[in-house]
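Engineer: The following block contains the structure, expressed as structure tokens.
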Amino acid sequence: MDYNKLAELLFPNIDKTPEDYELLYPAREKGIVITRLGPSPTGFIHLGNLYGAFVDERLAHQVAKSDRADAKTGSSGIFYLRIEDTDDKRFVEGAVETVINSLKFFDISFDEGATLPGPGEEYGTAESGNYGPYFQSKRGPIYRAFAKRLVSRGKAYPCFLTEEELADIRSQQEADKCTTGIYGKYAEKNRNLSYEEIETNINAGKSYVIRMKSHGDTSYFKLIDGIRGEISMPGNNQDTIILKANGIPTYHFAHVIDDHLMRTTHVVRGEEWLMSLPVHVELFEKLGFPMPTYCHTAVLMKIDEETGNKRKLSKRKDPELSLDYYRNEGYHPQAVKEYLLTILNSNFEEWRAENPDADIDDFNFTTEKMSSAGALFDLNKLNDISKDVLLKIPAEDLADFLVEWAREFKPNILPLLEDRSYLTKILDLGRDEAKPRKDFICAKQMWDFISYFFDEYFVIQDRIPEQVSDEDAKEILKRYLDTYDHSDDQSAWFDKIRSITEELGYAVKPKDYKKHPEEYKGSVAHVSTVIRIALMGRGQSPDVWSIQQILGEDRLRARISELIG
RNA sequence: GCUCUCUUGGUCAAGUGGUCAAGACGUCGCCCUCUCACGGCGGAAUCAGGGGUUCGACUCCCCUAGGGAGUACCA
């Protein structure tokens, strides 16, 4: 068999050689980390994607800022976006924009690759960088050039198996309980077709795919995974398809060609790819490419309420998987990032405790510290981290953040938030102390928490304590209003509450009431709660005096008068 | 079925032959206190099971169980 002749028959219009492409895409600067995100344009990006993208981004971008050896080059790594649109069935309009914008919200941006298209710009043309095209659908000639080379070396061949034949082979294999697929004896027929047979088939218009001719050596080999360490797998023996009947490459082939030509150094991808690693390794060998470092991330899991088992987060059942969920709830991107980092690198939490004010970029992220078991998503933890993150954000910025959130998700409160200095004072309440309050988790919850500061949203939602009769409650409020002086400082203010407490037969010290409940109606805590409810509508809030200072005397008197009638 | 992979408290996890098995979140109790939040102190709670190897196993080896994934002309 003359393989060169066969290659010409199969790829008559391919003139460029692999060498041409090697020249076109020269090696990158030595020592820098090149990573990539390769989404298929399904238009849906979830927490798992973010998790992976974050690993890529950290790997490529942290280098320059750290003081490690790599930084000597003074150059940061490169993180690029490649659109893996080899399956047109998956294509969704506007998906590229979704990916870029979603990640941008979390402060993750690309150095090269697909970009936001300009107005009216055709799909697949918006990109930047010297290693493109970055849309796989535009790379057909490149894949074919390498496929042609493989054929001309006898390392790949056309296969004319029809769908029916494939199905028959499969059911036979299943019946025989052996591995499914095209390998060994199942591959022989098409592997050994003569040039004339192939030519006849093609002239007859028969559809065919290009398969790699596997070495068939299934002995185990070892490989170092950036996350998992040493892994061992059996060698591949499948004659995996590299070009589909429509001439478009499969993921396997596109991955190997692209990551080589774009000079990717670290391939970060989900563990669902672990199984096809032997195929990729063989492809790298057949093509004579050096291997990148693979980093197979664990899948994010959650406990299924119905079965009690761990299971993969699914986009249908789990709203928290969607990135939109966090935007809706108003989680701060910084909080989500910090949370992700704590599950990504187990030593991050410790580092954060020691460096509470340091920038995330100063943390030395390593794939070795990543867990290889699937982490459970923990909303409690996110909330806890979020509290700390929000505390560090200045009140002015927090106000901006809340307004931005409202603009998108609760526009009807926007007019209320216009008084920025009022809003800022509210948000800063109790934060400027040795033991600052940590009241805020996310924008939605922030609004709930502060809504009573706005008359339109002020409602009495809690009941007065049972220790206080309705008559007493009225009397407490009446006396409170009578003696109220807005210029009182906090201790003068509280002294007056103490007086009211005592006069009405309540204990000034809560402990006294606790010890001798029979001697008092209740304690100063109950009296305060009555006032708190009158003013805030709820039994729990930050310090009453401080709130009053922000609320202002008019509002305060109005609310109490309203209740006294 | 076959193949790969994972397994330390409820959760995230330190740990690489000798530890009373860190820490964080959550939870419970106490303290602080006008409520809540914050903070402080304390408690309960973990090496999946069984065999080896060893003076000694969470740590090394084997088996079993359980979880997860893959087994496409999808990625």
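Residue numbering restarts at 1 in every chain; chains get A, B, ... in the order shown in the structure tokens, and ligands count up from 1 in that same order.
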Would you please extract all helix (DSSP H, G or I) residues from region 72-262 of chain A, as assigned by DSSP on the backbone, and give them as a PDB file with C-alpha atoms, in the first residue's frame?
Structural biologist:
```pdb
ATOM      1  CA  LYS A  72      12.179  35.908  36.921  1.00  0.00           C
ATOM      2  CA  THR A  73      11.097  36.099  33.349  1.00  0.00           C
ATOM      3  CA  ASP A  88     -22.941  22.044  15.485  1.00  0.00           C
ATOM      4  CA  LYS A  89     -25.859  20.434  17.330  1.00  0.00           C
ATOM      5  CA  ARG A  90     -24.673  22.091  20.495  1.00  0.00           C
ATOM      6  CA  ALA A  95     -22.880  31.624  23.816  1.00  0.00           C
ATOM      7  CA  VAL A  96     -19.431  33.133  23.422  1.00  0.00           C
ATOM      8  CA  GLU A  97     -20.645  36.409  24.875  1.00  0.00           C
ATOM      9  CA  THR A  98     -22.187  34.522  27.778  1.00  0.00           C
ATOM     10  CA  VAL A  99     -18.929  32.798  28.593  1.00  0.00           C
ATOM     11  CA  ILE A 100     -16.863  35.942  28.424  1.00  0.00           C
ATOM     12  CA  ASN A 101     -19.302  38.073  30.371  1.00  0.00           C
ATOM     13  CA  SER A 102     -20.018  35.494  33.036  1.00  0.00           C
ATOM     14  CA  LEU A 103     -16.351  35.053  33.763  1.00  0.00           C
ATOM     15  CA  LYS A 104     -15.709  38.742  33.635  1.00  0.00           C
ATOM     16  CA  PHE A 105     -18.218  39.201  36.412  1.00  0.00           C
ATOM     17  CA  GLN A 136     -12.316  25.033  16.074  1.00  0.00           C
ATOM     18  CA  SER A 137     -14.881  25.332  13.331  1.00  0.00           C
ATOM     19  CA  LYS A 138     -12.409  27.589  11.514  1.00  0.00           C
ATOM     20  CA  GLY A 140     -10.557  22.567   9.351  1.00  0.00           C
ATOM     21  CA  PRO A 141      -7.524  22.817   7.035  1.00  0.00           C
ATOM     22  CA  ILE A 142      -5.167  22.502   9.977  1.00  0.00           C
ATOM     23  CA  TYR A 143      -6.745  19.314  11.268  1.00  0.00           C
ATOM     24  CA  ARG A 144      -6.834  17.877   7.772  1.00  0.00           C
ATOM     25  CA  ALA A 145      -3.172  18.620   7.208  1.00  0.00           C
ATOM     26  CA  PHE A 146      -2.232  16.612  10.269  1.00  0.00           C
ATOM     27  CA  ALA A 147      -4.688  13.855   9.439  1.00  0.00           C
ATOM     28  CA  LYS A 148      -3.168  13.673   5.987  1.00  0.00           C
ATOM     29  CA  ARG A 149       0.269  13.284   7.499  1.00  0.00           C
ATOM     30  CA  LEU A 150      -0.963  10.470   9.703  1.00  0.00           C
ATOM     31  CA  VAL A 151      -2.480   8.707   6.723  1.00  0.00           C
ATOM     32  CA  SER A 152       0.675   9.155   4.665  1.00  0.00           C
ATOM     33  CA  GLU A 163     -24.157   2.886  11.306  1.00  0.00           C
ATOM     34  CA  GLU A 164     -25.836  -0.502  10.977  1.00  0.00           C
ATOM     35  CA  GLU A 165     -22.551  -2.359  10.877  1.00  0.00           C
ATOM     36  CA  LEU A 166     -21.367  -0.424  13.897  1.00  0.00           C
ATOM     37  CA  ALA A 167     -24.545  -1.290  15.774  1.00  0.00           C
ATOM     38  CA  ASP A 168     -24.147  -4.960  14.905  1.00  0.00           C
ATOM     39  CA  ILE A 169     -20.579  -5.043  16.116  1.00  0.00           C
ATOM     40  CA  ARG A 170     -21.610  -3.351  19.302  1.00  0.00           C
ATOM     41  CA  SER A 171     -24.439  -5.732  20.110  1.00  0.00           C
ATOM     42  CA  GLN A 172     -22.210  -8.685  19.314  1.00  0.00           C
ATOM     43  CA  GLN A 173     -19.567  -7.326  21.668  1.00  0.00           C
ATOM     44  CA  GLU A 174     -22.124  -6.755  24.383  1.00  0.00           C
ATOM     45  CA  ALA A 175     -23.402 -10.278  23.990  1.00  0.00           C
ATOM     46  CA  GLY A 184      -8.211  -5.535  17.051  1.00  0.00           C
ATOM     47  CA  LYS A 185     -10.144  -7.916  14.838  1.00  0.00           C
ATOM     48  CA  TYR A 186     -13.088  -5.533  14.552  1.00  0.00           C
ATOM     49  CA  ALA A 187     -10.830  -2.998  12.877  1.00  0.00           C
ATOM     50  CA  GLU A 188      -9.082  -5.395  10.533  1.00  0.00           C
ATOM     51  CA  LYS A 189     -11.460  -5.202   7.641  1.00  0.00           C
ATOM     52  CA  ASN A 190     -11.135  -1.457   7.088  1.00  0.00           C
ATOM     53  CA  ARG A 191      -7.521  -1.305   8.117  1.00  0.00           C
ATOM     54  CA  TYR A 195      -6.014   1.362  -2.414  1.00  0.00           C
ATOM     55  CA  GLU A 196      -8.322   0.215  -5.176  1.00  0.00           C
ATOM     56  CA  GLU A 197     -11.085  -0.763  -2.771  1.00  0.00           C
ATOM     57  CA  ILE A 198     -10.873   2.578  -1.057  1.00  0.00           C
ATOM     58  CA  GLU A 199     -10.888   4.419  -4.333  1.00  0.00           C
ATOM     59  CA  THR A 200     -13.924   2.467  -5.498  1.00  0.00           C
ATOM     60  CA  ASN A 201     -15.770   3.198  -2.258  1.00  0.00           C
ATOM     61  CA  ILE A 202     -15.029   6.876  -2.472  1.00  0.00           C
ATOM     62  CA  ASN A 203     -16.022   7.107  -6.104  1.00  0.00           C
ATOM     63  CA  TYR A 251     -12.705  16.325  20.457  1.00  0.00           C
ATOM     64  CA  HIS A 252      -9.755  13.978  20.840  1.00  0.00           C
ATOM     65  CA  PHE A 253      -8.028  15.022  17.660  1.00  0.00           C
ATOM     66  CA  ALA A 254      -8.855  18.701  17.959  1.00  0.00           C
ATOM     67  CA  HIS A 255      -7.593  18.748  21.542  1.00  0.00           C
ATOM     68  CA  VAL A 256      -4.233  17.263  20.642  1.00  0.00           C
ATOM     69  CA  ILE A 257      -3.673  19.416  17.566  1.00  0.00           C
ATOM     70  CA  ASP A 258      -4.865  22.658  19.140  1.00  0.00           C
ATOM     71  CA  ASP A 259      -3.171  22.335  22.466  1.00  0.00           C
ATOM     72  CA  HIS A 260       0.061  21.527  20.706  1.00  0.00           C
ATOM     73  CA  LEU A 261      -0.137  24.278  18.122  1.00  0.00           C
TER      74      LEU A 261
END
```
Engineer: Quick one: residues within 10 Å of region 487-498 of chain A, only C-alpha atoms (C1' of nucleotides), excluding same-chain residues fewer than 6 positions away - as a list in words?
Structural biologist: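 The neighbour list is Ile476, Arg479, Tyr480, Tyr506, Ala507, Val508, Lys509, Ser523, Val524, Val527, Ser528, Ile531, Asp543, Val544, Trp545, Ser546, Gln549 and Glu553 of chain A; C34 of chain B.
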Engineer: Export N, CA and C atoms (P, O5', C5', C4', C3', O3' and C1' of nucleotides) of the chosen residues as a compact mmCIF listing (two decimals), in the first residue's frame?
Structural biologist:
```txt
# COMPACT_ATOMS: atom_id res chain seq x y z
N ILE A 476 -44.99 52.16 77.71
CA ILE A 476 -43.54 52.25 77.48
C ILE A 476 -43.27 53.24 76.34
N ARG A 479 -44.10 56.94 77.34
CA ARG A 479 -43.06 57.55 78.17
C ARG A 479 -41.76 57.75 77.40
N TYR A 480 -41.49 56.82 76.52
CA TYR A 480 -40.26 56.91 75.73
C TYR A 480 -40.29 58.17 74.87
N TYR A 506 -40.34 46.51 85.85
CA TYR A 506 -39.47 45.54 85.16
C TYR A 506 -38.08 45.61 85.75
N ALA A 507 -37.30 44.58 85.57
CA ALA A 507 -35.96 44.52 86.13
C ALA A 507 -34.97 45.29 85.26
N VAL A 508 -34.20 46.15 85.86
CA VAL A 508 -33.21 46.92 85.11
C VAL A 508 -32.07 46.01 84.67
N LYS A 509 -31.74 45.03 85.53
CA LYS A 509 -30.71 44.07 85.13
C LYS A 509 -31.38 42.76 84.73
N SER A 523 -37.82 42.19 81.98
CA SER A 523 -36.59 42.94 82.20
C SER A 523 -36.44 44.06 81.16
N VAL A 524 -35.36 44.78 81.33
CA VAL A 524 -35.07 45.88 80.41
C VAL A 524 -34.96 45.37 78.98
N VAL A 527 -38.40 45.52 77.61
CA VAL A 527 -38.80 46.91 77.37
C VAL A 527 -38.14 47.42 76.09
N SER A 528 -36.86 47.13 75.95
CA SER A 528 -36.13 47.57 74.76
C SER A 528 -36.72 46.94 73.50
N ILE A 531 -39.61 48.85 72.14
CA ILE A 531 -39.18 50.03 71.41
C ILE A 531 -38.59 49.64 70.05
N ASP A 543 -27.89 48.02 67.33
CA ASP A 543 -28.14 48.92 68.46
C ASP A 543 -29.18 50.01 68.15
N VAL A 544 -30.18 50.11 69.02
CA VAL A 544 -31.30 51.03 68.78
C VAL A 544 -30.85 52.48 68.68
N TRP A 545 -30.00 52.90 69.60
CA TRP A 545 -29.57 54.30 69.62
C TRP A 545 -28.90 54.68 68.29
N SER A 546 -28.00 53.81 67.82
CA SER A 546 -27.29 54.09 66.58
C SER A 546 -28.25 54.19 65.40
N GLN A 549 -30.04 57.46 65.31
CA GLN A 549 -29.23 58.58 64.82
C GLN A 549 -29.29 58.66 63.29
N GLU A 553 -34.90 62.12 63.93
CA GLU A 553 -35.92 62.30 64.97
C GLU A 553 -37.34 62.26 64.40
P C B 34 -26.99 45.45 78.57
O5' C B 34 -28.20 44.87 77.73
C5' C B 34 -29.48 44.73 78.34
C4' C B 34 -30.52 44.75 77.27
C3' C B 34 -30.12 44.06 75.99
O3' C B 34 -30.42 42.68 76.06
C1' C B 34 -31.05 46.19 75.51
```
Engineer: For chain A, which residues have at least one atom within 7 Å of chain B, if we go by only C-alpha atoms (C1' of nucleotides)? Write them as a PyMOL selection string, please.
Structural biologist: chain A and resi 40+177+179+244-245+251+272+275+310+343+346+373+378+380-381+435-439+524-525+528-529+539-542
Engineer: Can you tell me how far CA of Leu9 (chain A) sits from CA of Gly181 (chain A), in Å to one decimal?
Structural biologist: 26.7 Å
Engineer: Can you measure CA of Asp111 (chain A) to CA of Leu59 (chain A) for me? One decimal in Å is fine.
Structural biologist: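 Computing the Euclidean distance for CA of Asp111 (chain A) and CA of Leu59 (chain A) yields 13.1 Å.
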Engineer: If we count only C-alpha atoms (C1' of nucleotides) and set the cut-off at 9 Å, which residues sit around Thr367 (chain A), ignoring sequence neighbours fewer than 5 positions away in its own chain? Please answer as a ChimeraX atom specification.
Structural biologist: /A:55,59,226-228,295,344-345
Engineer: What's around G17 (chain B) at 12 Å? Count only C-alpha atoms (C1' of nucleotides), leave out sequence neighbours fewer than 3 positions away in its own chain, and write the answer as a VMD selection string.
Structural biologist: chain B and resid 53 to 60
Engineer: Could you write out the selected residues, including N, CA, C and O atoms (P, O5', C5', C4', C3', O3' and C1' of nucleotides), as an mmCIF file, in the first residue's frame?
Structural biologist:
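Done, and the output landed in again.cif:
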```
data_model
loop_
_atom_site.group_PDB
_atom_site.id
_atom_site.type_symbol
_atom_site.label_atom_id
_atom_site.label_comp_id
_atom_site.auth_asym_id
_atom_site.auth_seq_id
_atom_site.Cartn_x
_atom_site.Cartn_y
_atom_site.Cartn_z
ATOM 1 P P U B 53 2.305 -10.691 58.310
ATOM 2 O "O5'" U B 53 3.206 -9.514 57.746
ATOM 3 C "C5'" U B 53 3.750 -9.584 56.429
ATOM 4 C "C4'" U B 53 4.469 -8.301 56.090
ATOM 5 C "C3'" U B 53 5.227 -7.678 57.263
ATOM 6 O "O3'" U B 53 6.498 -8.293 57.439
ATOM 7 C "C1'" U B 53 3.940 -6.017 56.184
ATOM 8 P P U B 54 6.917 -8.819 58.878
ATOM 9 O "O5'" U B 54 7.092 -7.462 59.679
ATOM 10 C "C5'" U B 54 8.041 -6.486 59.244
ATOM 11 C "C4'" U B 54 7.857 -5.209 60.016
ATOM 12 C "C3'" U B 54 7.794 -5.368 61.522
ATOM 13 O "O3'" U B 54 9.085 -5.481 62.093
ATOM 14 C "C1'" U B 54 6.040 -3.937 60.800
ATOM 15 P P C B 55 9.292 -6.491 63.313
ATOM 16 O "O5'" C B 55 8.511 -5.817 64.531
ATOM 17 C "C5'" C B 55 8.178 -6.587 65.673
ATOM 18 C "C4'" C B 55 7.675 -5.670 66.767
ATOM 19 C "C3'" C B 55 6.542 -4.742 66.335
ATOM 20 O "O3'" C B 55 5.285 -5.393 66.459
ATOM 21 C "C1'" C B 55 8.197 -3.479 67.460
ATOM 22 P P G B 56 4.227 -5.221 65.302
ATOM 23 O "O5'" G B 56 3.877 -3.665 65.392
ATOM 24 C "C5'" G B 56 3.049 -3.197 66.458
ATOM 25 C "C4'" G B 56 2.993 -1.694 66.453
ATOM 26 C "C3'" G B 56 2.441 -1.073 65.179
ATOM 27 O "O3'" G B 56 1.028 -1.068 65.196
ATOM 28 C "C1'" G B 56 4.406 0.056 65.800
ATOM 29 P P A B 57 0.299 -1.755 64.022
ATOM 30 O "O5'" A B 57 -1.074 -0.966 64.137
ATOM 31 C "C5'" A B 57 -1.748 -0.622 62.976
ATOM 32 C "C4'" A B 57 -1.558 0.863 62.670
ATOM 33 C "C3'" A B 57 -2.521 1.221 61.540
ATOM 34 O "O3'" A B 57 -3.697 1.871 62.008
ATOM 35 C "C1'" A B 57 -0.202 1.715 60.961
ATOM 36 P P C B 58 -3.948 3.229 62.613
ATOM 37 O "O5'" C B 58 -4.282 4.059 61.296
ATOM 38 C "C5'" C B 58 -5.562 4.029 60.720
ATOM 39 C "C4'" C B 58 -5.587 4.925 59.508
ATOM 40 C "C3'" C B 58 -4.374 4.780 58.599
ATOM 41 O "O3'" C B 58 -4.612 3.775 57.639
ATOM 42 C "C1'" C B 58 -4.780 7.081 59.056
ATOM 43 P P U B 59 -3.426 2.956 56.993
ATOM 44 O "O5'" U B 59 -2.402 4.045 56.457
ATOM 45 C "C5'" U B 59 -2.542 4.617 55.167
ATOM 46 C "C4'" U B 59 -1.542 5.735 55.025
ATOM 47 C "C3'" U B 59 -0.139 5.273 54.631
ATOM 48 O "O3'" U B 59 0.308 5.990 53.501
ATOM 49 C "C1'" U B 59 -0.080 6.619 56.610
ATOM 50 P P C B 60 -0.047 5.375 52.070
ATOM 51 O "O5'" C B 60 0.848 4.054 52.023
ATOM 52 C "C5'" C B 60 2.192 4.106 51.540
ATOM 53 C "C4'" C B 60 2.742 2.712 51.394
ATOM 54 C "C3'" C B 60 1.754 1.696 50.829
ATOM 55 O "O3'" C B 60 1.742 1.736 49.415
ATOM 56 C "C1'" C B 60 2.767 0.797 52.760
#
```
Engineer: Please, what distance in Å, to one decimal, runs between CA of Gly77 (chain A) and CA of Glu57 (chain A)?
Structural biologist: 9.1 Å
Engineer: Find the residues near Ala60 (chain A): any atom within 6 Å, counting only C-alpha atoms (C1' of nucleotides), skip ones fewer than 6 places away on the same chain, and give them as an NGL selection string.
Structural biologist: :A and (33 or 77-79)
